[in-house]
Amino acid sequence: MVSAKKTSFLDSFTHSTVVSKDGTTIGYQSIGKGPSLIVIHGALSTSNDFTKFAQELSDAFTVHVMDRRGRGWSGPQGNDYSIRKECEDVKSVQEATGATYVFGHSYGGLVTLEAARTNTFKKMAVYEPGVSIKLLPTDWDWLPEYENDMNKKDFRGAFASFVRGSGHTPLKRLPKWYAKFILRLVIRGNHWNQIEKLLPENLIEHREVKRLASTFSNYQMIDANVLLISGGKSPDSVHQMIRVLDETISRTQTLTLPNLDHLAPENKYTPVEVAQHVKRYFLS
């Protein structure tokens, strides 16, 4: 069942919902005209963070930006959360929209790759997908630290543990107390409020990233054409992961955008530039 209505915050978008396999409501907002394309956001974001990205694509595609479970218009993650649930959510939206194109960012990129193992897409693009090729247990020392901070309700500490552990910024080289101080100065107001609200979901999702670590050989099953995008400012570990995926998936192209970093597709950063490259690839 699909329901639809205009959103109150941006009249050019239409809001719709579907019911996933386990009964969870999954919301998405749509804009544009043309072949259907699904956008899947990352861990600390919602569909509202990808409206500029969607608008840039909307002259060539009908863009459907999902709220992944636990966010926005969608229902909760649920007690038995797994990446399989996310794949079922994507399938529900795909069946409702007829989408043959999909874009995923960060953890949403991981969901995209996992979903493509069983769902049929014509073309896909992922921007720095949350695929872990790490094999050493010490690479995940930050995860129990994050959990401990959450149990103590030290949400700023939990966020600092995550940012340092994920390794996407130079803060990984700083002491935690200093990273926590800098993040408090830089991320405030509504931006921090959204991050704080999503920290529990982020923790659960990164347990899944750890569980799936080094299982990237499964992506040999993907039949779609895949564009693997990274930002030139991202650390070497990201580019290493992209190289591994390029060697694993049958039909790939790689693209490095020199002046961009991990958060580039989100509204606050450089979504138009990323979307232009995605559009060019999908139309080629």
# chains A, B, ... in the order shown; residues from 1 in each chain; ligands from 1
>>> residues_around(residues="stretch 233-244 of chain A", least_positions_apart="4", cutoff="9 Å", atoms="only C-alpha atoms", output="MDAnalysis selection string")
chainID A and resid 128:129 131:133 167:170 216 228:229 248:249 254 256:262
>>> residues_around(residues="A:His277", least_positions_apart="3", cutoff="12 Å", atoms="only C-alpha atoms", output="VMD selection string")
chain A and resid 53 56 to 57 103 125 to 127 227 to 230 253 to 257 265 270 to 274 280 to 284
>>> closest_residue(among="A:His191, A:Asp154, A:Asp149, A:Arg71", to="A:Lys268", atoms="only C-alpha atoms")
A:His191
>>> select_by_dssp(residues="stretch 12-220 of chain A", states="helix (DSSP H, G or I)", output="PDB file with N, CA and C atoms, in the first residue's frame")
ATOM      1  N   SER A  47      16.279  11.943   4.989  1.00  0.00           N
ATOM      2  CA  SER A  47      15.972  12.336   3.607  1.00  0.00           C
ATOM      3  C   SER A  47      16.076  13.847   3.416  1.00  0.00           C
ATOM      4  N   ASN A  48      15.801  14.609   4.470  1.00  0.00           N
ATOM      5  CA  ASN A  48      15.854  16.064   4.359  1.00  0.00           C
ATOM      6  C   ASN A  48      17.253  16.592   4.081  1.00  0.00           C
ATOM      7  N   ASP A  49      18.283  15.782   4.329  1.00  0.00           N
ATOM      8  CA  ASP A  49      19.662  16.195   4.065  1.00  0.00           C
ATOM      9  C   ASP A  49      20.060  15.988   2.614  1.00  0.00           C
ATOM     10  N   PHE A  50      19.159  15.436   1.801  1.00  0.00           N
ATOM     11  CA  PHE A  50      19.491  15.137   0.406  1.00  0.00           C
ATOM     12  C   PHE A  50      18.528  15.805  -0.578  1.00  0.00           C
ATOM     13  N   THR A  51      17.837  16.844  -0.141  1.00  0.00           N
ATOM     14  CA  THR A  51      16.879  17.502  -1.027  1.00  0.00           C
ATOM     15  C   THR A  51      17.579  18.255  -2.165  1.00  0.00           C
ATOM     16  N   LYS A  52      18.723  18.873  -1.887  1.00  0.00           N
ATOM     17  CA  LYS A  52      19.447  19.585  -2.951  1.00  0.00           C
ATOM     18  C   LYS A  52      20.027  18.594  -3.960  1.00  0.00           C
ATOM     19  N   PHE A  53      20.515  17.489  -3.467  1.00  0.00           N
ATOM     20  CA  PHE A  53      21.012  16.428  -4.336  1.00  0.00           C
ATOM     21  C   PHE A  53      19.884  15.951  -5.256  1.00  0.00           C
ATOM     22  N   ALA A  54      18.712  15.719  -4.666  1.00  0.00           N
ATOM     23  CA  ALA A  54      17.561  15.247  -5.441  1.00  0.00           C
ATOM     24  C   ALA A  54      17.109  16.283  -6.462  1.00  0.00           C
ATOM     25  N   GLN A  55      17.083  17.545  -6.064  1.00  0.00           N
ATOM     26  CA  GLN A  55      16.649  18.597  -6.980  1.00  0.00           C
ATOM     27  C   GLN A  55      17.544  18.685  -8.208  1.00  0.00           C
ATOM     28  N   GLU A  56      18.835  18.490  -8.014  1.00  0.00           N
ATOM     29  CA  GLU A  56      19.766  18.562  -9.147  1.00  0.00           C
ATOM     30  C   GLU A  56      19.521  17.437 -10.151  1.00  0.00           C
ATOM     31  N   LEU A  57      19.001  16.324  -9.683  1.00  0.00           N
ATOM     32  CA  LEU A  57      18.729  15.175 -10.558  1.00  0.00           C
ATOM     33  C   LEU A  57      17.318  15.203 -11.145  1.00  0.00           C
ATOM     34  N   ILE A  83      20.915  -5.609   8.423  1.00  0.00           N
ATOM     35  CA  ILE A  83      21.005  -5.046   7.085  1.00  0.00           C
ATOM     36  C   ILE A  83      19.969  -5.677   6.167  1.00  0.00           C
ATOM     37  N   ARG A  84      19.553  -6.900   6.480  1.00  0.00           N
ATOM     38  CA  ARG A  84      18.518  -7.569   5.684  1.00  0.00           C
ATOM     39  C   ARG A  84      17.219  -6.770   5.719  1.00  0.00           C
ATOM     40  N   LYS A  85      16.892  -6.209   6.891  1.00  0.00           N
ATOM     41  CA  LYS A  85      15.687  -5.375   7.000  1.00  0.00           C
ATOM     42  C   LYS A  85      15.788  -4.159   6.077  1.00  0.00           C
ATOM     43  N   GLU A  86      16.981  -3.564   6.034  1.00  0.00           N
ATOM     44  CA  GLU A  86      17.187  -2.408   5.161  1.00  0.00           C
ATOM     45  C   GLU A  86      16.979  -2.804   3.694  1.00  0.00           C
ATOM     46  N   CYS A  87      17.475  -3.975   3.329  1.00  0.00           N
ATOM     47  CA  CYS A  87      17.313  -4.436   1.953  1.00  0.00           C
ATOM     48  C   CYS A  87      15.834  -4.661   1.615  1.00  0.00           C
ATOM     49  N   GLU A  88      15.086  -5.166   2.586  1.00  0.00           N
ATOM     50  CA  GLU A  88      13.651  -5.343   2.389  1.00  0.00           C
ATOM     51  C   GLU A  88      12.953  -3.997   2.220  1.00  0.00           C
ATOM     52  N   ASP A  89      13.429  -2.996   2.947  1.00  0.00           N
ATOM     53  CA  ASP A  89      12.865  -1.647   2.821  1.00  0.00           C
ATOM     54  C   ASP A  89      13.105  -1.096   1.418  1.00  0.00           C
ATOM     55  N   VAL A  90      14.342  -1.264   0.934  1.00  0.00           N
ATOM     56  CA  VAL A  90      14.673  -0.794  -0.408  1.00  0.00           C
ATOM     57  C   VAL A  90      13.803  -1.502  -1.446  1.00  0.00           C
ATOM     58  N   LYS A  91      13.625  -2.793  -1.275  1.00  0.00           N
ATOM     59  CA  LYS A  91      12.800  -3.547  -2.219  1.00  0.00           C
ATOM     60  C   LYS A  91      11.371  -3.034  -2.229  1.00  0.00           C
ATOM     61  N   SER A  92      10.832  -2.691  -1.057  1.00  0.00           N
ATOM     62  CA  SER A  92       9.463  -2.178  -0.982  1.00  0.00           C
ATOM     63  C   SER A  92       9.325  -0.861  -1.733  1.00  0.00           C
ATOM     64  N   VAL A  93      10.309   0.022  -1.560  1.00  0.00           N
ATOM     65  CA  VAL A  93      10.271   1.302  -2.270  1.00  0.00           C
ATOM     66  C   VAL A  93      10.482   1.081  -3.762  1.00  0.00           C
ATOM     67  N   GLN A  94      11.363   0.163  -4.115  1.00  0.00           N
ATOM     68  CA  GLN A  94      11.600  -0.132  -5.525  1.00  0.00           C
ATOM     69  C   GLN A  94      10.342  -0.674  -6.200  1.00  0.00           C
ATOM     70  N   GLU A  95       9.645  -1.563  -5.518  1.00  0.00           N
ATOM     71  CA  GLU A  95       8.421  -2.121  -6.087  1.00  0.00           C
ATOM     72  C   GLU A  95       7.344  -1.056  -6.242  1.00  0.00           C
ATOM     73  N   ALA A  96       7.301  -0.098  -5.308  1.00  0.00           N
ATOM     74  CA  ALA A  96       6.283   0.959  -5.366  1.00  0.00           C
ATOM     75  C   ALA A  96       6.580   1.988  -6.448  1.00  0.00           C
ATOM     76  N   THR A  97       7.855   2.211  -6.727  1.00  0.00           N
ATOM     77  CA  THR A  97       8.241   3.285  -7.648  1.00  0.00           C
ATOM     78  C   THR A  97       8.712   2.793  -9.009  1.00  0.00           C
ATOM     79  N   TYR A 107      26.746   4.726   4.958  1.00  0.00           N
ATOM     80  CA  TYR A 107      26.034   3.505   5.341  1.00  0.00           C
ATOM     81  C   TYR A 107      24.927   3.187   4.328  1.00  0.00           C
ATOM     82  N   GLY A 108      24.340   4.236   3.749  1.00  0.00           N
ATOM     83  CA  GLY A 108      23.363   4.019   2.688  1.00  0.00           C
ATOM     84  C   GLY A 108      23.981   3.378   1.465  1.00  0.00           C
ATOM     85  N   GLY A 109      25.281   3.616   1.242  1.00  0.00           N
ATOM     86  CA  GLY A 109      25.989   2.945   0.162  1.00  0.00           C
ATOM     87  C   GLY A 109      26.167   1.463   0.444  1.00  0.00           C
ATOM     88  N   LEU A 110      26.419   1.133   1.717  1.00  0.00           N
ATOM     89  CA  LEU A 110      26.490  -0.275   2.114  1.00  0.00           C
ATOM     90  C   LEU A 110      25.143  -0.953   1.897  1.00  0.00           C
ATOM     91  N   VAL A 111      24.066  -0.280   2.306  1.00  0.00           N
ATOM     92  CA  VAL A 111      22.723  -0.822   2.078  1.00  0.00           C
ATOM     93  C   VAL A 111      22.483  -1.027   0.583  1.00  0.00           C
ATOM     94  N   THR A 112      22.912  -0.070  -0.227  1.00  0.00           N
ATOM     95  CA  THR A 112      22.738  -0.159  -1.675  1.00  0.00           C
ATOM     96  C   THR A 112      23.429  -1.397  -2.237  1.00  0.00           C
ATOM     97  N   LEU A 113      24.671  -1.622  -1.842  1.00  0.00           N
ATOM     98  CA  LEU A 113      25.416  -2.781  -2.340  1.00  0.00           C
ATOM     99  C   LEU A 113      24.799  -4.089  -1.867  1.00  0.00           C
ATOM    100  N   GLU A 114      24.381  -4.123  -0.607  1.00  0.00           N
ATOM    101  CA  GLU A 114      23.752  -5.336  -0.090  1.00  0.00           C
ATOM    102  C   GLU A 114      22.427  -5.611  -0.803  1.00  0.00           C
ATOM    103  N   ALA A 115      21.648  -4.561  -1.027  1.00  0.00           N
ATOM    104  CA  ALA A 115      20.356  -4.726  -1.704  1.00  0.00           C
ATOM    105  C   ALA A 115      20.537  -5.197  -3.139  1.00  0.00           C
ATOM    106  N   PRO A 137      40.826  -7.084  14.870  1.00  0.00           N
ATOM    107  CA  PRO A 137      39.867  -6.732  15.933  1.00  0.00           C
ATOM    108  C   PRO A 137      40.132  -5.353  16.532  1.00  0.00           C
ATOM    109  N   THR A 138      41.410  -4.936  16.563  1.00  0.00           N
ATOM    110  CA  THR A 138      41.741  -3.635  17.158  1.00  0.00           C
ATOM    111  C   THR A 138      41.179  -2.476  16.347  1.00  0.00           C
ATOM    112  N   ASP A 139      40.827  -2.728  15.087  1.00  0.00           N
ATOM    113  CA  ASP A 139      40.240  -1.669  14.267  1.00  0.00           C
ATOM    114  C   ASP A 139      38.874  -1.244  14.794  1.00  0.00           C
ATOM    115  N   TRP A 140      38.295  -2.070  15.662  1.00  0.00           N
ATOM    116  CA  TRP A 140      36.958  -1.792  16.167  1.00  0.00           C
ATOM    117  C   TRP A 140      36.959  -1.484  17.669  1.00  0.00           C
ATOM    118  N   TRP A 142      36.995   1.237  19.081  1.00  0.00           N
ATOM    119  CA  TRP A 142      36.186   2.417  19.377  1.00  0.00           C
ATOM    120  C   TRP A 142      34.710   2.082  19.603  1.00  0.00           C
ATOM    121  N   LEU A 143      34.258   0.937  19.127  1.00  0.00           N
ATOM    122  CA  LEU A 143      32.827   0.608  19.211  1.00  0.00           C
ATOM    123  C   LEU A 143      32.364   0.395  20.655  1.00  0.00           C
ATOM    124  N   PRO A 144      33.057  -0.411  21.489  1.00  0.00           N
ATOM    125  CA  PRO A 144      32.642  -0.511  22.898  1.00  0.00           C
ATOM    126  C   PRO A 144      32.807   0.806  23.650  1.00  0.00           C
ATOM    127  N   GLU A 145      33.766   1.610  23.242  1.00  0.00           N
ATOM    128  CA  GLU A 145      33.939   2.931  23.859  1.00  0.00           C
ATOM    129  C   GLU A 145      32.724   3.808  23.570  1.00  0.00           C
ATOM    130  N   TYR A 146      32.270   3.772  22.331  1.00  0.00           N
ATOM    131  CA  TYR A 146      31.050   4.480  21.921  1.00  0.00           C
ATOM    132  C   TYR A 146      29.872   4.003  22.771  1.00  0.00           C
ATOM    133  N   GLU A 147      29.719   2.685  22.879  1.00  0.00           N
ATOM    134  CA  GLU A 147      28.608   2.121  23.644  1.00  0.00           C
ATOM    135  C   GLU A 147      28.680   2.530  25.114  1.00  0.00           C
ATOM    136  N   ASN A 148      29.867   2.531  25.675  1.00  0.00           N
ATOM    137  CA  ASN A 148      30.049   2.934  27.070  1.00  0.00           C
ATOM    138  C   ASN A 148      29.669   4.397  27.267  1.00  0.00           C
ATOM    139  N   ASP A 149      30.064   5.241  26.326  1.00  0.00           N
ATOM    140  CA  ASP A 149      29.686   6.660  26.398  1.00  0.00           C
ATOM    141  C   ASP A 149      28.171   6.826  26.335  1.00  0.00           C
ATOM    142  N   MET A 150      27.519   6.055  25.480  1.00  0.00           N
ATOM    143  CA  MET A 150      26.064   6.127  25.387  1.00  0.00           C
ATOM    144  C   MET A 150      25.408   5.702  26.696  1.00  0.00           C
ATOM    145  N   ASN A 151      25.926   4.652  27.310  1.00  0.00           N
ATOM    146  CA  ASN A 151      25.362   4.182  28.587  1.00  0.00           C
ATOM    147  C   ASN A 151      25.510   5.236  29.681  1.00  0.00           C
ATOM    148  N   PHE A 155      26.829  11.937  25.331  1.00  0.00           N
ATOM    149  CA  PHE A 155      26.570  11.874  23.899  1.00  0.00           C
ATOM    150  C   PHE A 155      27.652  12.568  23.077  1.00  0.00           C
ATOM    151  N   ARG A 156      28.219  13.637  23.625  1.00  0.00           N
ATOM    152  CA  ARG A 156      29.336  14.284  22.943  1.00  0.00           C
ATOM    153  C   ARG A 156      30.547  13.352  22.894  1.00  0.00           C
ATOM    154  N   GLY A 157      30.755  12.624  23.977  1.00  0.00           N
ATOM    155  CA  GLY A 157      31.843  11.657  24.000  1.00  0.00           C
ATOM    156  C   GLY A 157      31.617  10.525  23.012  1.00  0.00           C
ATOM    157  N   ALA A 158      30.377  10.052  22.927  1.00  0.00           N
ATOM    158  CA  ALA A 158      30.044   8.986  21.985  1.00  0.00           C
ATOM    159  C   ALA A 158      30.300   9.432  20.548  1.00  0.00           C
ATOM    160  N   PHE A 159      29.913  10.657  20.252  1.00  0.00           N
ATOM    161  CA  PHE A 159      30.125  11.176  18.904  1.00  0.00           C
ATOM    162  C   PHE A 159      31.618  11.296  18.597  1.00  0.00           C
ATOM    163  N   ALA A 160      32.394  11.768  19.577  1.00  0.00           N
ATOM    164  CA  ALA A 160      33.843  11.868  19.385  1.00  0.00           C
ATOM    165  C   ALA A 160      34.459  10.487  19.170  1.00  0.00           C
ATOM    166  N   SER A 161      33.976   9.490  19.913  1.00  0.00           N
ATOM    167  CA  SER A 161      34.468   8.116  19.724  1.00  0.00           C
ATOM    168  C   SER A 161      34.200   7.642  18.306  1.00  0.00           C
ATOM    169  N   PHE A 162      33.003   7.941  17.806  1.00  0.00           N
ATOM    170  CA  PHE A 162      32.633   7.526  16.454  1.00  0.00           C
ATOM    171  C   PHE A 162      33.482   8.233  15.403  1.00  0.00           C
ATOM    172  N   VAL A 163      33.609   9.549  15.502  1.00  0.00           N
ATOM    173  CA  VAL A 163      34.347  10.314  14.499  1.00  0.00           C
ATOM    174  C   VAL A 163      35.811   9.882  14.464  1.00  0.00           C
ATOM    175  N   ARG A 164      36.404   9.686  15.617  1.00  0.00           N
ATOM    176  CA  ARG A 164      37.801   9.239  15.668  1.00  0.00           C
ATOM    177  C   ARG A 164      37.935   7.810  15.142  1.00  0.00           C
ATOM    178  N   GLY A 165      36.979   6.964  15.504  1.00  0.00           N
ATOM    179  CA  GLY A 165      37.061   5.559  15.105  1.00  0.00           C
ATOM    180  C   GLY A 165      36.812   5.326  13.632  1.00  0.00           C
ATOM    181  N   SER A 166      35.882   6.099  13.049  1.00  0.00           N
ATOM    182  CA  SER A 166      35.547   5.894  11.640  1.00  0.00           C
ATOM    183  C   SER A 166      36.662   6.351  10.721  1.00  0.00           C
ATOM    184  N   PRO A 170      40.900  14.141  10.235  1.00  0.00           N
ATOM    185  CA  PRO A 170      42.177  14.161  10.969  1.00  0.00           C
ATOM    186  C   PRO A 170      42.009  14.036  12.484  1.00  0.00           C
ATOM    187  N   LEU A 171      40.767  14.140  12.981  1.00  0.00           N
ATOM    188  CA  LEU A 171      40.537  14.039  14.419  1.00  0.00           C
ATOM    189  C   LEU A 171      40.937  12.678  14.974  1.00  0.00           C
ATOM    190  N   LYS A 172      41.055  11.684  14.126  1.00  0.00           N
ATOM    191  CA  LYS A 172      41.450  10.355  14.606  1.00  0.00           C
ATOM    192  C   LYS A 172      42.844  10.372  15.226  1.00  0.00           C
ATOM    193  N   ARG A 173      43.649  11.391  14.868  1.00  0.00           N
ATOM    194  CA  ARG A 173      45.015  11.470  15.385  1.00  0.00           C
ATOM    195  C   ARG A 173      45.108  12.271  16.676  1.00  0.00           C
ATOM    196  N   LYS A 176      41.079  11.998  22.542  1.00  0.00           N
ATOM    197  CA  LYS A 176      39.627  12.061  22.509  1.00  0.00           C
ATOM    198  C   LYS A 176      39.092  13.348  23.120  1.00  0.00           C
ATOM    199  N   TRP A 177      39.672  13.797  24.248  1.00  0.00           N
ATOM    200  CA  TRP A 177      39.158  14.989  24.909  1.00  0.00           C
ATOM    201  C   TRP A 177      39.264  16.204  23.994  1.00  0.00           C
ATOM    202  N   TYR A 178      40.345  16.244  23.177  1.00  0.00           N
ATOM    203  CA  TYR A 178      40.563  17.377  22.288  1.00  0.00           C
ATOM    204  C   TYR A 178      39.598  17.300  21.097  1.00  0.00           C
ATOM    205  N   ALA A 179      39.412  16.090  20.566  1.00  0.00           N
ATOM    206  CA  ALA A 179      38.459  15.901  19.476  1.00  0.00           C
ATOM    207  C   ALA A 179      37.049  16.275  19.932  1.00  0.00           C
ATOM    208  N   LYS A 180      36.701  15.878  21.135  1.00  0.00           N
ATOM    209  CA  LYS A 180      35.385  16.191  21.701  1.00  0.00           C
ATOM    210  C   LYS A 180      35.198  17.701  21.811  1.00  0.00           C
ATOM    211  N   PHE A 181      36.242  18.410  22.246  1.00  0.00           N
ATOM    212  CA  PHE A 181      36.197  19.869  22.383  1.00  0.00           C
ATOM    213  C   PHE A 181      35.991  20.536  21.026  1.00  0.00           C
ATOM    214  N   ILE A 182      36.755  20.100  20.025  1.00  0.00           N
ATOM    215  CA  ILE A 182      36.647  20.692  18.696  1.00  0.00           C
ATOM    216  C   ILE A 182      35.270  20.446  18.093  1.00  0.00           C
ATOM    217  N   LEU A 183      34.767  19.221  18.225  1.00  0.00           N
ATOM    218  CA  LEU A 183      33.449  18.894  17.683  1.00  0.00           C
ATOM    219  C   LEU A 183      32.346  19.700  18.355  1.00  0.00           C
ATOM    220  N   ARG A 184      32.498  19.983  19.646  1.00  0.00           N
ATOM    221  CA  ARG A 184      31.508  20.810  20.353  1.00  0.00           C
ATOM    222  C   ARG A 184      31.489  22.221  19.782  1.00  0.00           C
ATOM    223  N   LEU A 185      32.647  22.736  19.410  1.00  0.00           N
ATOM    224  CA  LEU A 185      32.726  24.085  18.843  1.00  0.00           C
ATOM    225  C   LEU A 185      32.144  24.140  17.429  1.00  0.00           C
ATOM    226  N   VAL A 186      32.387  23.087  16.657  1.00  0.00           N
ATOM    227  CA  VAL A 186      32.030  23.094  15.232  1.00  0.00           C
ATOM    228  C   VAL A 186      30.586  22.682  14.981  1.00  0.00           C
ATOM    229  N   GLY A 189      23.678  23.581  17.658  1.00  0.00           N
ATOM    230  CA  GLY A 189      22.330  23.897  17.210  1.00  0.00           C
ATOM    231  C   GLY A 189      21.588  22.709  16.627  1.00  0.00           C
ATOM    232  N   ASN A 190      20.830  22.977  15.560  1.00  0.00           N
ATOM    233  CA  ASN A 190      19.996  21.940  14.955  1.00  0.00           C
ATOM    234  C   ASN A 190      20.818  20.782  14.394  1.00  0.00           C
ATOM    235  N   HIS A 191      22.013  21.121  13.917  1.00  0.00           N
ATOM    236  CA  HIS A 191      22.876  20.066  13.385  1.00  0.00           C
ATOM    237  C   HIS A 191      23.219  19.063  14.487  1.00  0.00           C
ATOM    238  N   TRP A 192      23.625  19.572  15.642  1.00  0.00           N
ATOM    239  CA  TRP A 192      23.935  18.670  16.749  1.00  0.00           C
ATOM    240  C   TRP A 192      22.680  17.939  17.244  1.00  0.00           C
ATOM    241  N   ASN A 193      21.565  18.622  17.280  1.00  0.00           N
ATOM    242  CA  ASN A 193      20.335  17.984  17.762  1.00  0.00           C
ATOM    243  C   ASN A 193      19.986  16.759  16.931  1.00  0.00           C
ATOM    244  N   GLN A 194      20.177  16.856  15.618  1.00  0.00           N
ATOM    245  CA  GLN A 194      19.887  15.707  14.753  1.00  0.00           C
ATOM    246  C   GLN A 194      20.878  14.571  15.010  1.00  0.00           C
ATOM    247  N   ILE A 195      22.157  14.914  15.121  1.00  0.00           N
ATOM    248  CA  ILE A 195      23.172  13.890  15.373  1.00  0.00           C
ATOM    249  C   ILE A 195      22.907  13.189  16.696  1.00  0.00           C
ATOM    250  N   GLU A 196      22.635  13.958  17.740  1.00  0.00           N
ATOM    251  CA  GLU A 196      22.397  13.367  19.059  1.00  0.00           C
ATOM    252  C   GLU A 196      21.218  12.397  19.022  1.00  0.00           C
ATOM    253  N   LYS A 197      20.175  12.769  18.319  1.00  0.00           N
ATOM    254  CA  LYS A 197      18.987  11.926  18.229  1.00  0.00           C
ATOM    255  C   LYS A 197      19.284  10.608  17.529  1.00  0.00           C
ATOM    256  N   LEU A 198      20.219  10.630  16.579  1.00  0.00           N
ATOM    257  CA  LEU A 198      20.496   9.444  15.769  1.00  0.00           C
ATOM    258  C   LEU A 198      21.668   8.612  16.280  1.00  0.00           C
ATOM    259  N   LEU A 199      22.293   9.003  17.364  1.00  0.00           N
ATOM    260  CA  LEU A 199      23.435   8.247  17.884  1.00  0.00           C
ATOM    261  C   LEU A 199      23.083   6.793  18.236  1.00  0.00           C
ATOM    262  N   PRO A 200      21.912   6.510  18.815  1.00  0.00           N
ATOM    263  CA  PRO A 200      21.589   5.095  19.085  1.00  0.00           C
ATOM    264  C   PRO A 200      21.477   4.263  17.806  1.00  0.00           C
ATOM    265  N   GLU A 201      20.816   4.799  16.778  1.00  0.00           N
ATOM    266  CA  GLU A 201      20.686   4.082  15.510  1.00  0.00           C
ATOM    267  C   GLU A 201      22.064   3.895  14.857  1.00  0.00           C
ATOM    268  N   ASN A 202      22.880   4.928  14.958  1.00  0.00           N
ATOM    269  CA  ASN A 202      24.223   4.869  14.385  1.00  0.00           C
ATOM    270  C   ASN A 202      25.056   3.749  15.022  1.00  0.00           C
ATOM    271  N   LEU A 203      24.941   3.586  16.326  1.00  0.00           N
ATOM    272  CA  LEU A 203      25.667   2.528  17.028  1.00  0.00           C
ATOM    273  C   LEU A 203      25.228   1.148  16.531  1.00  0.00           C
ATOM    274  N   ILE A 204      23.930   0.949  16.447  1.00  0.00           N
ATOM    275  CA  ILE A 204      23.397  -0.346  15.999  1.00  0.00           C
ATOM    276  C   ILE A 204      23.841  -0.641  14.567  1.00  0.00           C
ATOM    277  N   GLU A 205      23.819   0.366  13.724  1.00  0.00           N
ATOM    278  CA  GLU A 205      24.188   0.162  12.328  1.00  0.00           C
ATOM    279  C   GLU A 205      25.675  -0.164  12.178  1.00  0.00           C
ATOM    280  N   HIS A 206      26.509   0.445  13.003  1.00  0.00           N
ATOM    281  CA  HIS A 206      27.935   0.151  12.889  1.00  0.00           C
ATOM    282  C   HIS A 206      28.302  -1.206  13.485  1.00  0.00           C
ATOM    283  N   ARG A 207      27.450  -1.752  14.317  1.00  0.00           N
ATOM    284  CA  ARG A 207      27.628  -3.156  14.686  1.00  0.00           C
ATOM    285  C   ARG A 207      27.432  -4.038  13.450  1.00  0.00           C
ATOM    286  N   GLU A 208      26.511  -3.637  12.588  1.00  0.00           N
ATOM    287  CA  GLU A 208      26.305  -4.376  11.342  1.00  0.00           C
ATOM    288  C   GLU A 208      27.506  -4.219  10.404  1.00  0.00           C
ATOM    289  N   VAL A 209      28.074  -3.017  10.351  1.00  0.00           N
ATOM    290  CA  VAL A 209      29.270  -2.815   9.530  1.00  0.00           C
ATOM    291  C   VAL A 209      30.377  -3.753  10.003  1.00  0.00           C
ATOM    292  N   LYS A 210      30.553  -3.845  11.313  1.00  0.00           N
ATOM    293  CA  LYS A 210      31.568  -4.741  11.862  1.00  0.00           C
ATOM    294  C   LYS A 210      31.256  -6.201  11.523  1.00  0.00           C
ATOM    295  N   ARG A 211      29.997  -6.587  11.659  1.00  0.00           N
ATOM    296  CA  ARG A 211      29.610  -7.971  11.366  1.00  0.00           C
ATOM    297  C   ARG A 211      29.897  -8.330   9.910  1.00  0.00           C
ATOM    298  N   PHE A 216      33.203  -8.488   1.553  1.00  0.00           N
ATOM    299  CA  PHE A 216      32.994  -7.769   0.298  1.00  0.00           C
ATOM    300  C   PHE A 216      32.988  -8.678  -0.924  1.00  0.00           C
ATOM    301  N   SER A 217      33.513  -9.890  -0.805  1.00  0.00           N
ATOM    302  CA  SER A 217      33.496 -10.814  -1.946  1.00  0.00           C
ATOM    303  C   SER A 217      32.068 -11.151  -2.373  1.00  0.00           C
ATOM    304  N   ASN A 218      31.104 -10.948  -1.464  1.00  0.00           N
ATOM    305  CA  ASN A 218      29.697 -11.181  -1.806  1.00  0.00           C
ATOM    306  C   ASN A 218      29.225 -10.282  -2.942  1.00  0.00           C
ATOM    307  N   TYR A 219      29.901  -9.156  -3.143  1.00  0.00           N
ATOM    308  CA  TYR A 219      29.455  -8.198  -4.156  1.00  0.00           C
ATOM    309  C   TYR A 219      29.810  -8.647  -5.571  1.00  0.00           C
ATOM    310  N   GLN A 220      30.471  -9.790  -5.687  1.00  0.00           N
ATOM    311  CA  GLN A 220      30.645 -10.388  -7.007  1.00  0.00           C
ATOM    312  C   GLN A 220      29.295 -10.739  -7.632  1.00  0.00           C
TER     313      GLN A 220
END
>>> atom_distance(atom1="atom CA of A:Val102", atom2="atom CA of A:Asn119")
10.8 Å
>>> atom_distance(atom1="atom CA of A:Lys21", atom2="atom CA of A:Asn79")
15.0 Å
>>> atom_distance(atom1="atom CA of A:Arg117", atom2="atom CA of A:Pro35")
21.4 Å
>>> residues_around(residues="A:Arg69", least_positions_apart="5", cutoff="8 Å", atoms="only C-alpha atoms", output="ChimeraX atom specification")
/A:24,26,74-77,86
>>> closest_residue(among="A:Ser20, A:Asn267, A:Met221, A:Tyr81", to="A:His41", atoms="only C-alpha atoms")
A:Asn267
>>> residues_around(residues="A:Ile38", least_positions_apart="4", cutoff="7 Å", atoms="only C-alpha atoms", output="NGL selection string")
:A and (63-65 or 99 or 101-103)
>>> select_by_dssp(residues="stretch 4-134 of chain A", states="strand (DSSP E)", output="PyMOL selection string")
chain A and resi 4-6+14-19+25-32+36-40+62-66+101-105+123-127
>>> residues_around(residues="A:Met66", least_positions_apart="5", cutoff="7 Å", atoms="only C-alpha atoms", output="PyMOL selection string")
chain A and resi 27-29+39-40+47
>>> closest_residue(among="A:Thr118, A:Ser250, A:Ser106, A:Thr62", to="A:Lys279", atoms="only C-alpha atoms")
A:Thr62
